[in-house]
Amino acid sequence: MITIALPKGRLGEDAEKILLETGITKIPVERDSRRLIFDVGEGVRVLLVRAWDVPTYVEMGTADVGICGKDDLMEQGTDVLELVDLGFGGCTMAVATVNTVAREELFGRGFLRVATKYPNIARRFFDGLSLQTEILKLYGSVELAAVTGLSDCIVDIVSTGATLRENGLHVVERIFDSTARWIVNRRSFYMRYEILSHWTEKIKKIVKEKLP
Ligand code: PRP
């Protein structure tokens, strides 16, 4: 049995599409049901997990392979093989603040309170600038922290930019660009090299075909 960790949420549909297109999975998962485990072909099952949790399932070997965002891999520092950049799920990890505060003004302050779902990325970034910060870990709607003054700025992913625009915020620094990745458990890749390298090549081929 080979186990795939498939993300729920924004990456979910594209992630599943690529698995179906390559024939790695044969049957779509029923997203409307409350089921979490699906048989999707002979000897292949899918675990439907929060995108954030995909790296953990793969690192621990509970899933052999998975699809997750580079942003989550960077934050968690997970020890997995990151074998293919899938190209979809594009977003930018950025520092943003209210429109009335410019970049120079923000970074010129001696101390910053930063709200984020990504405390490790935020800490690394501000440490690199030798800026003193207090990092506030939040679990969602991080933009609200900057709007209400809970924090001086936020570190968060920007996709369409709509959430920032609609809340009077702007990007002052792009930290890195993120896309979805095909990740593989180290031991599984070694133990099941034939099938997993075959799957990886199929995925690479489809990704290449989709390139503009
Ligand atoms: C993400 C991110 C931003 C938003 C950016 O949140 O944290 O809030 O999407 O997308 P946009 O640039 O297209 O507006 P998500 O919707 O995943 O969940 P959350 O608000 O619960 O954090």
# chains A, B, ... in the order shown; residues from 1 in each chain; ligands from 1

$ residues_near_ligand --ligand "ligand 1" --cutoff "10 Å" --atoms "only C-alpha atoms and all ligand atoms" --output "ChimeraX atom specification"
/A:9-11,51,91-93,116-118,138-144,154-167

$ select_by_dssp --residues "chain A" --states "strand (DSSP E)" --output "PyMOL selection string"
chain A and resi 2-7+37-41+44-49+65-69+81-85+91-98+111-116+132-137+153-158+169-178+180-184

$ atom_distance --atom1 "CA of Ala5 in chain A" --atom2 "CA of Asn185 in chain A"
10.9 Å

$ residues_around --residues "Leu211 in chain A" --least-positions-apart "3" --cutoff "12 Å" --atoms "only C-alpha atoms" --output "JSON, numbers by chain"
{"A": [85, 86, 87, 88, 204, 205, 206, 207, 208]}

$ write_last_selection --atoms "C-alpha atoms" --output "PDB file, in the first residue's frame"
ATOM      1  CA  ASP A  85       8.050  22.199  -8.174  1.00  0.00           C
ATOM      2  CA  LEU A  86       4.472  21.721  -9.361  1.00  0.00           C
ATOM      3  CA  GLY A  87       4.052  25.309 -10.502  1.00  0.00           C
ATOM      4  CA  PHE A  88       0.544  25.888  -9.152  1.00  0.00           C
ATOM      5  CA  LYS A 204       7.672  16.070 -13.923  1.00  0.00           C
ATOM      6  CA  LYS A 205       6.457  15.324 -17.456  1.00  0.00           C
ATOM      7  CA  ILE A 206       2.971  16.739 -16.847  1.00  0.00           C
ATOM      8  CA  VAL A 207       4.369  19.839 -15.145  1.00  0.00           C
ATOM      9  CA  LYS A 208       6.686  20.400 -18.105  1.00  0.00           C
TER      10      LYS A 208
END

$ residues_around --residues "Arg31 in chain A" --least-positions-apart "3" --cutoff "9 Å" --atoms "only C-alpha atoms" --output "CSV table (one decimal) with all heavy atoms, in the first residue's frame"
chain,number,residue,atom,x,y,z
A,8,LYS,N,-6.1,19.6,1.9
A,8,LYS,CA,-7.5,20.2,1.7
A,8,LYS,C,-7.2,21.7,1.4
A,8,LYS,O,-6.0,22.1,1.4
A,8,LYS,CB,-8.2,20.2,3.1
A,8,LYS,CG,-8.6,18.9,3.6
A,8,LYS,CD,-9.3,19.1,4.9
A,8,LYS,CE,-9.7,17.7,5.5
A,8,LYS,NZ,-10.2,17.9,6.9
A,28,PRO,N,-11.5,10.2,-7.9
A,28,PRO,CA,-11.4,11.4,-7.1
A,28,PRO,C,-11.9,11.2,-5.6
A,28,PRO,O,-12.7,10.3,-5.4
A,28,PRO,CB,-12.3,12.4,-7.8
A,28,PRO,CG,-13.0,11.6,-8.9
A,28,PRO,CD,-12.4,10.2,-8.9
A,34,ARG,N,-17.3,13.5,5.1
A,34,ARG,CA,-16.4,13.7,6.3
A,34,ARG,C,-15.3,12.7,6.3
A,34,ARG,O,-14.5,12.6,7.3
A,34,ARG,CB,-17.2,13.7,7.6
A,34,ARG,CG,-18.3,14.8,7.7
A,34,ARG,CD,-17.7,16.2,7.7
A,34,ARG,NE,-16.9,16.4,8.9
A,34,ARG,CZ,-16.2,17.5,9.1
A,34,ARG,NH1,-16.0,18.4,8.2
A,34,ARG,NH2,-15.5,17.6,10.3
A,35,ARG,N,-15.2,11.8,5.3
A,35,ARG,CA,-14.2,10.8,5.3
A,35,ARG,C,-12.8,11.4,5.1
A,35,ARG,O,-12.7,12.4,4.5
A,35,ARG,CB,-14.5,9.8,4.2
A,35,ARG,CG,-15.5,8.8,4.6
A,35,ARG,CD,-15.7,7.7,3.5
A,35,ARG,NE,-14.5,7.0,3.2
A,35,ARG,CZ,-14.3,6.3,2.1
A,35,ARG,NH1,-15.2,6.2,1.2
A,35,ARG,NH2,-13.1,5.6,2.0
A,36,LEU,N,-11.8,10.7,5.7
A,36,LEU,CA,-10.5,11.3,5.6
A,36,LEU,C,-9.5,10.4,4.9
A,36,LEU,O,-8.4,10.8,4.5
A,36,LEU,CB,-10.0,11.5,7.1
A,36,LEU,CG,-10.8,12.5,7.9
A,36,LEU,CD1,-10.4,12.5,9.3
A,36,LEU,CD2,-10.7,13.9,7.3
A,48,LEU,N,-6.6,12.7,3.4
A,48,LEU,CA,-7.0,14.1,3.2
A,48,LEU,C,-6.6,14.9,4.4
A,48,LEU,O,-7.3,14.7,5.5
A,48,LEU,CB,-8.5,14.1,2.9
A,48,LEU,CG,-9.1,15.3,2.1
A,48,LEU,CD1,-8.3,15.5,0.8
A,48,LEU,CD2,-10.5,15.1,1.9

$ closest_residue --among "A:Phe126, A:Phe107, A:Phe176, A:Trp182" --to "Pro7 in chain A" --atoms "only C-alpha atoms"
A:Trp182

$ residues_around --residues "Ala96 in chain A" --least-positions-apart "3" --cutoff "7 Å" --atoms "only C-alpha atoms" --output "list in words"
Cys153, Ile154, Val155, Leu169, His170, Val171 and Val172 of chain A

$ closest_residue --among "A:Asn120, A:Val80, A:Gly43, A:Leu129" --to "Met60 in chain A" --atoms "only C-alpha atoms"
A:Val80
